[in-house]
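query_31.pdb follows (PDB, C-alpha atoms (C1' of nucleotides)):
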ATOM      1  CA  MET A   1      51.368 111.823 121.872  1.00  0.00           C
ATOM      2  CA  ASP A   2      53.762 108.916 122.217  1.00  0.00           C
ATOM      3  CA  LEU A   3      57.335 108.195 121.250  1.00  0.00           C
ATOM      4  CA  ARG A   4      56.436 107.381 117.639  1.00  0.00           C
ATOM      5  CA  ASP A   5      54.784 110.782 117.240  1.00  0.00           C
ATOM      6  CA  VAL A   6      57.893 112.472 118.610  1.00  0.00           C
ATOM      7  CA  ILE A   7      60.186 110.618 116.230  1.00  0.00           C
ATOM      8  CA  GLU A   8      57.961 111.363 113.257  1.00  0.00           C
ATOM      9  CA  ALA A   9      57.743 115.025 114.282  1.00  0.00           C
ATOM     10  CA  LEU A  10      61.521 115.230 114.428  1.00  0.00           C
ATOM     11  CA  GLU A  11      61.845 113.644 111.019  1.00  0.00           C
ATOM     12  CA  ARG A  12      59.273 115.997 109.497  1.00  0.00           C
ATOM     13  CA  GLY A  13      60.732 119.080 111.140  1.00  0.00           C
ATOM     14  CA  CYS A  14      64.375 118.791 110.225  1.00  0.00           C
ATOM     15  CA  GLY A  15      66.266 117.612 107.201  1.00  0.00           C
ATOM     16  CA  ARG A  16      69.419 116.586 108.956  1.00  0.00           C
ATOM     17  CA  ASP A  17      71.796 114.077 107.439  1.00  0.00           C
ATOM     18  CA  GLU A  18      75.465 113.158 107.488  1.00  0.00           C
ATOM     19  CA  TRP A  19      75.643 113.610 111.196  1.00  0.00           C
ATOM     20  CA  TRP A  20      79.051 112.076 111.802  1.00  0.00           C
ATOM     21  CA  PRO A  21      81.515 113.046 109.035  1.00  0.00           C
ATOM     22  CA  SER A  22      84.731 111.056 108.775  1.00  0.00           C
ATOM     23  CA  GLU A  23      87.261 109.574 106.403  1.00  0.00           C
ATOM     24  CA  SER A  24      87.445 106.157 108.049  1.00  0.00           C
ATOM     25  CA  VAL A  25      85.708 103.820 110.464  1.00  0.00           C
ATOM     26  CA  PHE A  26      88.586 104.142 112.928  1.00  0.00           C
ATOM     27  CA  GLU A  27      88.192 107.903 112.826  1.00  0.00           C
ATOM     28  CA  VAL A  28      84.552 107.564 113.887  1.00  0.00           C
ATOM     29  CA  ILE A  29      85.578 105.393 116.834  1.00  0.00           C
ATOM     30  CA  VAL A  30      88.344 107.767 117.913  1.00  0.00           C
ATOM     31  CA  GLY A  31      85.878 110.633 117.577  1.00  0.00           C
ATOM     32  CA  ALA A  32      83.321 108.806 119.709  1.00  0.00           C
ATOM     33  CA  ILE A  33      85.854 108.445 122.520  1.00  0.00           C
ATOM     34  CA  LEU A  34      87.228 111.975 122.239  1.00  0.00           C
ATOM     35  CA  ALA A  35      83.711 113.464 122.083  1.00  0.00           C
ATOM     36  CA  GLN A  36      82.871 112.379 125.618  1.00  0.00           C
ATOM     37  CA  ARG A  37      81.634 115.431 127.523  1.00  0.00           C
ATOM     38  CA  VAL A  38      83.281 117.992 125.249  1.00  0.00           C
ATOM     39  CA  SER A  39      82.239 120.159 122.308  1.00  0.00           C
ATOM     40  CA  TRP A  40      82.566 118.682 118.829  1.00  0.00           C
ATOM     41  CA  LYS A  41      84.795 121.572 117.825  1.00  0.00           C
ATOM     42  CA  ASN A  42      87.440 120.520 120.343  1.00  0.00           C
ATOM     43  CA  VAL A  43      87.251 116.976 119.014  1.00  0.00           C
ATOM     44  CA  GLN A  44      87.864 118.162 115.460  1.00  0.00           C
ATOM     45  CA  ILE A  45      91.098 119.849 116.519  1.00  0.00           C
ATOM     46  CA  ALA A  46      92.327 116.695 118.226  1.00  0.00           C
ATOM     47  CA  ILE A  47      91.397 114.546 115.209  1.00  0.00           C
ATOM     48  CA  ALA A  48      93.200 116.981 112.922  1.00  0.00           C
ATOM     49  CA  ASN A  49      96.295 116.696 115.117  1.00  0.00           C
ATOM     50  CA  LEU A  50      96.195 112.899 114.879  1.00  0.00           C
ATOM     51  CA  LYS A  51      95.829 113.055 111.098  1.00  0.00           C
ATOM     52  CA  CYS A  52      98.633 115.563 110.791  1.00  0.00           C
ATOM     53  CA  ALA A  53     100.882 113.244 112.795  1.00  0.00           C
ATOM     54  CA  GLN A  54      99.659 110.328 110.648  1.00  0.00           C
ATOM     55  CA  VAL A  55      98.708 108.246 113.674  1.00  0.00           C
ATOM     56  CA  LEU A  56      94.981 107.740 113.070  1.00  0.00           C
ATOM     57  CA  ASP A  57      95.505 103.987 113.099  1.00  0.00           C
ATOM     58  CA  PRO A  58      95.486 101.472 115.972  1.00  0.00           C
ATOM     59  CA  ARG A  59      99.082 100.284 115.542  1.00  0.00           C
ATOM     60  CA  ALA A  60     100.336 103.851 115.162  1.00  0.00           C
ATOM     61  CA  ILE A  61      98.499 104.804 118.348  1.00  0.00           C
ATOM     62  CA  MET A  62     100.204 101.961 120.190  1.00  0.00           C
ATOM     63  CA  GLY A  63     103.566 103.073 118.805  1.00  0.00           C
ATOM     64  CA  LEU A  64     103.230 106.534 120.320  1.00  0.00           C
ATOM     65  CA  ASP A  65     104.636 107.619 123.660  1.00  0.00           C
ATOM     66  CA  GLU A  66     101.850 108.206 126.154  1.00  0.00           C
ATOM     67  CA  SER A  67     102.899 111.842 126.572  1.00  0.00           C
ATOM     68  CA  ARG A  68     102.978 112.407 122.809  1.00  0.00           C
ATOM     69  CA  LEU A  69      99.479 110.978 122.412  1.00  0.00           C
ATOM     70  CA  GLN A  70      98.265 113.181 125.279  1.00  0.00           C
ATOM     71  CA  GLU A  71      99.774 116.209 123.607  1.00  0.00           C
ATOM     72  CA  LEU A  72      98.020 115.491 120.288  1.00  0.00           C
ATOM     73  CA  ILE A  73      94.564 115.055 121.810  1.00  0.00           C
ATOM     74  CA  ARG A  74      94.856 117.717 124.498  1.00  0.00           C
ATOM     75  CA  PRO A  75      92.307 120.076 122.862  1.00  0.00           C
ATOM     76  CA  SER A  76      89.566 117.476 123.376  1.00  0.00           C
ATOM     77  CA  GLY A  77      89.864 117.695 127.162  1.00  0.00           C
ATOM     78  CA  PHE A  78      90.315 114.947 129.789  1.00  0.00           C
ATOM     79  CA  TYR A  79      93.379 114.124 127.710  1.00  0.00           C
ATOM     80  CA  ARG A  80      95.087 111.805 130.184  1.00  0.00           C
ATOM     81  CA  GLN A  81      92.019 109.604 130.502  1.00  0.00           C
ATOM     82  CA  LYS A  82      91.233 109.723 126.804  1.00  0.00           C
ATOM     83  CA  ALA A  83      94.801 108.847 125.804  1.00  0.00           C
ATOM     84  CA  ARG A  84      94.432 105.757 127.983  1.00  0.00           C
ATOM     85  CA  TYR A  85      91.030 104.996 126.458  1.00  0.00           C
ATOM     86  CA  LEU A  86      92.423 105.237 122.903  1.00  0.00           C
ATOM     87  CA  ARG A  87      95.264 102.879 123.767  1.00  0.00           C
ATOM     88  CA  THR A  88      92.882 100.453 125.434  1.00  0.00           C
ATOM     89  CA  PHE A  89      90.663 100.347 122.369  1.00  0.00           C
ATOM     90  CA  SER A  90      93.620 100.096 119.975  1.00  0.00           C
ATOM     91  CA  ALA A  91      95.114  97.219 121.956  1.00  0.00           C
ATOM     92  CA  TYR A  92      91.747  95.445 121.972  1.00  0.00           C
ATOM     93  CA  LEU A  93      91.380  95.896 118.214  1.00  0.00           C
ATOM     94  CA  ILE A  94      94.849  94.500 117.571  1.00  0.00           C
ATOM     95  CA  ASP A  95      94.579  91.595 120.016  1.00  0.00           C
ATOM     96  CA  ARG A  96      91.029  90.549 119.220  1.00  0.00           C
ATOM     97  CA  TYR A  97      90.712  91.463 115.525  1.00  0.00           C
ATOM     98  CA  ASP A  98      94.307  91.715 114.332  1.00  0.00           C
ATOM     99  CA  GLY A  99      93.832  95.464 114.022  1.00  0.00           C
ATOM    100  CA  ASP A 100      91.289  94.951 111.239  1.00  0.00           C
ATOM    101  CA  ILE A 101      87.936  96.619 111.915  1.00  0.00           C
ATOM    102  CA  LYS A 102      86.342  94.741 109.017  1.00  0.00           C
ATOM    103  CA  LEU A 103      86.701  91.558 111.069  1.00  0.00           C
ATOM    104  CA  MET A 104      84.365  93.068 113.701  1.00  0.00           C
ATOM    105  CA  LYS A 105      81.504  93.322 111.273  1.00  0.00           C
ATOM    106  CA  GLY A 106      80.619  89.648 111.377  1.00  0.00           C
ATOM    107  CA  ILE A 107      80.101  89.726 115.152  1.00  0.00           C
ATOM    108  CA  ARG A 108      76.557  89.842 116.502  1.00  0.00           C
ATOM    109  CA  THR A 109      75.427  93.187 117.905  1.00  0.00           C
ATOM    110  CA  ALA A 110      74.831  91.973 121.459  1.00  0.00           C
ATOM    111  CA  GLN A 111      78.191  90.196 121.588  1.00  0.00           C
ATOM    112  CA  LEU A 112      80.030  93.195 120.181  1.00  0.00           C
ATOM    113  CA  ARG A 113      78.282  95.609 122.544  1.00  0.00           C
ATOM    114  CA  GLY A 114      79.351  93.451 125.476  1.00  0.00           C
ATOM    115  CA  GLU A 115      82.959  93.470 124.289  1.00  0.00           C
ATOM    116  CA  LEU A 116      82.932  97.252 123.896  1.00  0.00           C
ATOM    117  CA  LEU A 117      81.366  97.815 127.319  1.00  0.00           C
ATOM    118  CA  SER A 118      84.076  95.702 128.939  1.00  0.00           C
ATOM    119  CA  LEU A 119      86.753  98.160 127.765  1.00  0.00           C
ATOM    120  CA  ASP A 120      88.009 100.947 130.003  1.00  0.00           C
ATOM    121  CA  GLY A 121      86.506 104.202 128.728  1.00  0.00           C
ATOM    122  CA  ILE A 122      83.666 102.704 126.679  1.00  0.00           C
ATOM    123  CA  GLY A 123      80.322 103.235 128.413  1.00  0.00           C
ATOM    124  CA  PRO A 124      76.851 102.699 126.953  1.00  0.00           C
ATOM    125  CA  GLU A 125      76.696 105.878 124.882  1.00  0.00           C
ATOM    126  CA  THR A 126      80.140 105.468 123.362  1.00  0.00           C
ATOM    127  CA  ALA A 127      79.488 101.767 122.701  1.00  0.00           C
ATOM    128  CA  ASP A 128      76.233 102.535 120.897  1.00  0.00           C
ATOM    129  CA  THR A 129      77.848 105.390 118.961  1.00  0.00           C
ATOM    130  CA  ILE A 130      80.522 102.989 117.734  1.00  0.00           C
ATOM    131  CA  LEU A 131      77.961 100.303 116.900  1.00  0.00           C
ATOM    132  CA  LEU A 132      75.672 102.666 114.990  1.00  0.00           C
ATOM    133  CA  TYR A 133      77.902 105.215 113.304  1.00  0.00           C
ATOM    134  CA  ALA A 134      81.142 103.244 112.879  1.00  0.00           C
ATOM    135  CA  LEU A 135      79.922  99.685 112.357  1.00  0.00           C
ATOM    136  CA  GLY A 136      76.396 100.128 111.016  1.00  0.00           C
ATOM    137  CA  HIS A 137      74.554  98.117 113.665  1.00  0.00           C
ATOM    138  CA  PRO A 138      70.924  99.033 114.510  1.00  0.00           C
ATOM    139  CA  SER A 139      71.648 100.534 117.938  1.00  0.00           C
ATOM    140  CA  PHE A 140      70.075 103.769 119.177  1.00  0.00           C
ATOM    141  CA  VAL A 141      72.392 106.219 120.948  1.00  0.00           C
ATOM    142  CA  VAL A 142      70.877 107.709 124.106  1.00  0.00           C
ATOM    143  CA  ASP A 143      72.435 110.923 125.360  1.00  0.00           C
ATOM    144  CA  SER A 144      71.614 113.632 127.876  1.00  0.00           C
ATOM    145  CA  TYR A 145      69.588 115.499 125.229  1.00  0.00           C
ATOM    146  CA  ALA A 146      67.368 112.466 124.672  1.00  0.00           C
ATOM    147  CA  PHE A 147      66.668 112.149 128.401  1.00  0.00           C
ATOM    148  CA  ARG A 148      65.851 115.842 128.699  1.00  0.00           C
ATOM    149  CA  LEU A 149      63.713 116.027 125.593  1.00  0.00           C
ATOM    150  CA  PHE A 150      61.700 112.879 126.315  1.00  0.00           C
ATOM    151  CA  ASP A 151      61.266 113.922 129.940  1.00  0.00           C
ATOM    152  CA  ARG A 152      59.900 117.312 128.951  1.00  0.00           C
ATOM    153  CA  LEU A 153      57.589 115.810 126.404  1.00  0.00           C
ATOM    154  CA  GLY A 154      56.108 113.758 129.225  1.00  0.00           C
ATOM    155  CA  LEU A 155      56.801 110.399 127.646  1.00  0.00           C
ATOM    156  CA  GLY A 156      57.393 108.851 131.058  1.00  0.00           C
ATOM    157  CA  LEU A 157      60.332 106.753 129.958  1.00  0.00           C
ATOM    158  CA  GLY A 158      62.471 107.591 132.969  1.00  0.00           C
ATOM    159  CA  ARG A 159      66.239 107.951 133.130  1.00  0.00           C
ATOM    160  CA  SER A 160      67.328 104.399 132.579  1.00  0.00           C
ATOM    161  CA  TYR A 161      69.682 104.240 129.608  1.00  0.00           C
ATOM    162  CA  ASP A 162      68.660 100.747 128.568  1.00  0.00           C
ATOM    163  CA  LYS A 163      64.961 101.485 128.987  1.00  0.00           C
ATOM    164  CA  VAL A 164      65.047 104.528 126.696  1.00  0.00           C
ATOM    165  CA  LYS A 165      67.267 102.718 124.204  1.00  0.00           C
ATOM    166  CA  THR A 166      64.982  99.699 123.849  1.00  0.00           C
ATOM    167  CA  GLU A 167      61.840 101.837 123.690  1.00  0.00           C
ATOM    168  CA  VAL A 168      63.244 103.884 120.817  1.00  0.00           C
ATOM    169  CA  GLU A 169      64.512 100.787 119.031  1.00  0.00           C
ATOM    170  CA  ASP A 170      61.099  99.167 119.389  1.00  0.00           C
ATOM    171  CA  ALA A 171      59.452 102.313 118.012  1.00  0.00           C
ATOM    172  CA  ILE A 172      61.818 102.708 115.054  1.00  0.00           C
ATOM    173  CA  GLY A 173      62.804  99.156 114.249  1.00  0.00           C
ATOM    174  CA  ARG A 174      66.159  97.769 113.142  1.00  0.00           C
ATOM    175  CA  ASP A 175      66.662 100.532 110.596  1.00  0.00           C
ATOM    176  CA  VAL A 176      70.179 101.983 110.780  1.00  0.00           C
ATOM    177  CA  ARG A 177      69.271 104.991 108.678  1.00  0.00           C
ATOM    178  CA  ARG A 178      66.327 105.988 110.882  1.00  0.00           C
ATOM    179  CA  LEU A 179      68.145 105.213 114.132  1.00  0.00           C
ATOM    180  CA  SER A 180      71.062 107.380 113.022  1.00  0.00           C
ATOM    181  CA  LEU A 181      68.763 110.183 111.988  1.00  0.00           C
ATOM    182  CA  ALA A 182      66.746 109.989 115.197  1.00  0.00           C
ATOM    183  CA  HIS A 183      69.774 110.540 117.414  1.00  0.00           C
ATOM    184  CA  ALA A 184      71.064 113.366 115.227  1.00  0.00           C
ATOM    185  CA  LEU A 185      67.658 115.007 115.264  1.00  0.00           C
ATOM    186  CA  VAL A 186      67.286 114.805 119.027  1.00  0.00           C
ATOM    187  CA  VAL A 187      70.609 116.590 119.490  1.00  0.00           C
ATOM    188  CA  THR A 188      70.175 119.212 116.781  1.00  0.00           C
ATOM    189  CA  HIS A 189      66.613 119.885 117.837  1.00  0.00           C
ATOM    190  CA  CYS A 190      67.565 120.447 121.469  1.00  0.00           C
ATOM    191  CA  LYS A 191      70.518 122.635 120.552  1.00  0.00           C
ATOM    192  CA  THR A 192      68.697 124.808 118.046  1.00  0.00           C
ATOM    193  CA  HIS A 193      65.218 124.970 119.537  1.00  0.00           C
ATOM    194  CA  CYS A 194      63.943 123.669 122.856  1.00  0.00           C
ATOM    195  CA  LEU A 195      66.998 124.244 125.008  1.00  0.00           C
ATOM    196  CA  ALA A 196      68.139 127.412 123.293  1.00  0.00           C
ATOM    197  CA  THR A 197      65.188 129.738 122.788  1.00  0.00           C
ATOM    198  CA  PRO A 198      61.904 130.251 124.614  1.00  0.00           C
ATOM    199  CA  LEU A 199      59.890 130.745 121.450  1.00  0.00           C
ATOM    200  CA  CYS A 200      61.230 127.722 119.645  1.00  0.00           C
ATOM    201  CA  LEU A 201      60.732 129.155 116.164  1.00  0.00           C
ATOM    202  CA  GLY A 202      60.493 126.456 113.573  1.00  0.00           C
ATOM    203  CA  CYS A 203      60.104 123.817 116.229  1.00  0.00           C
ATOM    204  CA  PRO A 204      58.788 120.610 114.663  1.00  0.00           C
ATOM    205  CA  PHE A 205      56.822 120.017 117.863  1.00  0.00           C
ATOM    206  CA  SER A 206      54.684 123.119 117.451  1.00  0.00           C
ATOM    207  CA  GLY A 207      51.102 122.123 117.998  1.00  0.00           C
ATOM    208  CA  ILE A 208      51.869 118.866 119.739  1.00  0.00           C
ATOM    209  CA  CYS A 209      54.328 119.571 122.515  1.00  0.00           C
ATOM    210  CA  PRO A 210      53.579 120.899 125.998  1.00  0.00           C
ATOM    211  CA  SER A 211      54.901 124.375 126.760  1.00  0.00           C
ATOM    212  CA  GLU A 212      57.414 122.954 129.239  1.00  0.00           C
ATOM    213  CA  VAL A 213      59.447 121.824 126.276  1.00  0.00           C
ATOM    214  CA  HIS A 214      60.329 125.393 125.510  1.00  0.00           C
ATOM    215  CA  ASP A 215      61.408 126.371 129.005  1.00  0.00           C
ATOM    216  CA  GLY A 216      65.067 125.914 128.147  1.00  0.00           C
TER     217      GLY A 216
ATOM    218  C1'  DA B   1      84.136 134.695 137.098  1.00  0.00           C
ATOM    219  C1'  DC B   2      81.112 131.885 135.937  1.00  0.00           C
ATOM    220  C1'  DC B   3      78.493 128.098 132.783  1.00  0.00           C
ATOM    221  C1'  DC B   4      78.395 124.758 129.176  1.00  0.00           C
ATOM    222  C1'  DA B   5      79.856 121.051 125.965  1.00  0.00           C
ATOM    223  C1'  DG B   6      77.259 114.793 121.468  1.00  0.00           C
ATOM    224  C1'  DG B   7      80.481 110.564 129.345  1.00  0.00           C
ATOM    225  C1'  DT B   8      83.010 107.339 132.159  1.00  0.00           C
ATOM    226  C1'  DG B   9      84.631 105.223 136.271  1.00  0.00           C
ATOM    227  C1'  DG B  10      85.142 105.184 141.148  1.00  0.00           C
ATOM    228  C1'  DC B  11      83.288 105.659 145.442  1.00  0.00           C
ATOM    229  C1'  DC B  12      79.531 105.801 148.891  1.00  0.00           C
ATOM    230  C1'  DC B  13      75.186 104.487 150.999  1.00  0.00           C
TER     231       DC B  13
ATOM    232  C1'  DG C   1      69.831 101.251 142.442  1.00  0.00           C
ATOM    233  C1'  DG C   2      70.822 106.302 142.775  1.00  0.00           C
ATOM    234  C1'  DG C   3      73.900 110.444 144.221  1.00  0.00           C
ATOM    235  C1'  DC C   4      78.383 112.625 144.190  1.00  0.00           C
ATOM    236  C1'  DC C   5      82.969 113.456 142.428  1.00  0.00           C
ATOM    237  C1'  DA C   6      87.316 113.923 139.347  1.00  0.00           C
ATOM    238  C1'  DC C   7      88.665 114.272 134.907  1.00  0.00           C
ATOM    239  C1'  DA C   8      90.551 119.260 131.421  1.00  0.00           C
ATOM    240  C1'  DT C   9      89.977 121.945 127.278  1.00  0.00           C
ATOM    241  C1'  DG C  10      87.897 125.886 124.622  1.00  0.00           C
ATOM    242  C1'  DG C  11      84.085 129.198 123.886  1.00  0.00           C
ATOM    243  C1'  DG C  12      80.250 132.295 125.282  1.00  0.00           C
TER     244       DG C  12
END
As a first step, turn the structure in this file into structure tokens.
Amino acid sequence: MDLRDVIEALERGCGRDEWWPSESVFEVIVGAILAQRVSWKNVQIAIANLKCAQVLDPRAIMGLDESRLQELIRPSGFYRQKARYLRTFSAYLIDRYDGDIKLMKGIRTAQLRGELLSLDGIGPETADTILLYALGHPSFVVDSYAFRLFDRLGLGLGRSYDKVKTEVEDAIGRDVRRLSLAHALVVTHCKTHCLATPLCLGCPFSGICPSEVHDG
DNA sequence: ACCCAGGTGGCCC
DNA sequence: GGGCCACATGGG
């Protein structure tokens, strides 16, 4: 079994789609930042607060008092840091792209990824989430679930973010649809099967995965 | 009272 | 390069 088998097994086993719902590209980016190390449910509350206050926009974010922004996103945790991160990204968007996300789309993936990684609060996972789900670039998102799942399947990829990312991208190709699905499937699979129940009912790996996968 | 949740940055060695 | 730590909320 290699990485391609795992990806194909995930795709056969689950019919997941529309992984990152949103009403705008900026909302996806804000969600990516707010979702750092916190449940998606908390993020949804914070996003709803921002919408209710009609500030889900880079210039509106910059027009807010720091304390007001913190108050709105408080349910998503780490709210002082994340308020700073949102302002950093908003300022970057305004300064570099005149606040117009559409102007980012002509930039090459590697260049854009470098710009994102240079921002305070944007690490590799958040950068790749923005590239893939907000901007439609072929960039696989590695998260803690991917490390755990691939480790337990004995793929021997190690814990290097960039290593796992490039291996998956080589296995899947520059296909935004499949790269998006692959990340969603890794997370949903781990949450609903391997890391949640010992029996792993309905596990798409049944028959091919070592028993360690189901240890939880 | 724990443990976990769709990370990042800073520090240390 | 890896190993800790702070950051903060909400739910089981």
Open item on the list: Quick check on the file I pasted: which residues fall under the PyMOL selection byres ((chain C) within 9 of (chain A))? Write them as a ChimeraX atom specification.
Closed with: /C:7-10
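What the PyMOL selection byres ((chain B) within 10 of (chain A)) picks from this file is DC4, DA5, DG6, DG7, DT8 and DG9 of chain B.
Across the structure, CA of Ala60 in chain A and CA of Asp95 in chain A are spaced 14.4 Å apart.
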- [ ] Would you list the contacts of range 10-13 of chain B as number ranges by chain, taking every protein, DNA or RNA residue within 12 Å and counting all atoms listed in the file, but skipping same-chain residues closer than 6 positions in sequence?
- [x] C: 1-7
- [ ] Specify as a list in words each residue included when the PyMOL selection byres ((chain A and resi 137-140) around 6) is applied to this file.
- [x] Asp128, Leu131, Leu132, Leu135, Gly136, Val141, Lys165, Arg174, Asp175, Val176 and Leu179 of chain A
If you keep C-alpha atoms, can you produce a file of those selected residues as a tab-separated table (two decimals), keeping the file's coordinate frame?
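Dumped everything to part_6.tsv:
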chain	number	residue	atom	x	y	z
A	128	ASP	CA	76.23	102.54	120.90
A	131	LEU	CA	77.96	100.30	116.90
A	132	LEU	CA	75.67	102.67	114.99
A	135	LEU	CA	79.92	99.68	112.36
A	136	GLY	CA	76.40	100.13	111.02
A	141	VAL	CA	72.39	106.22	120.95
A	165	LYS	CA	67.27	102.72	124.20
A	174	ARG	CA	66.16	97.77	113.14
A	175	ASP	CA	66.66	100.53	110.60
A	176	VAL	CA	70.18	101.98	110.78
A	179	LEU	CA	68.14	105.21	114.13
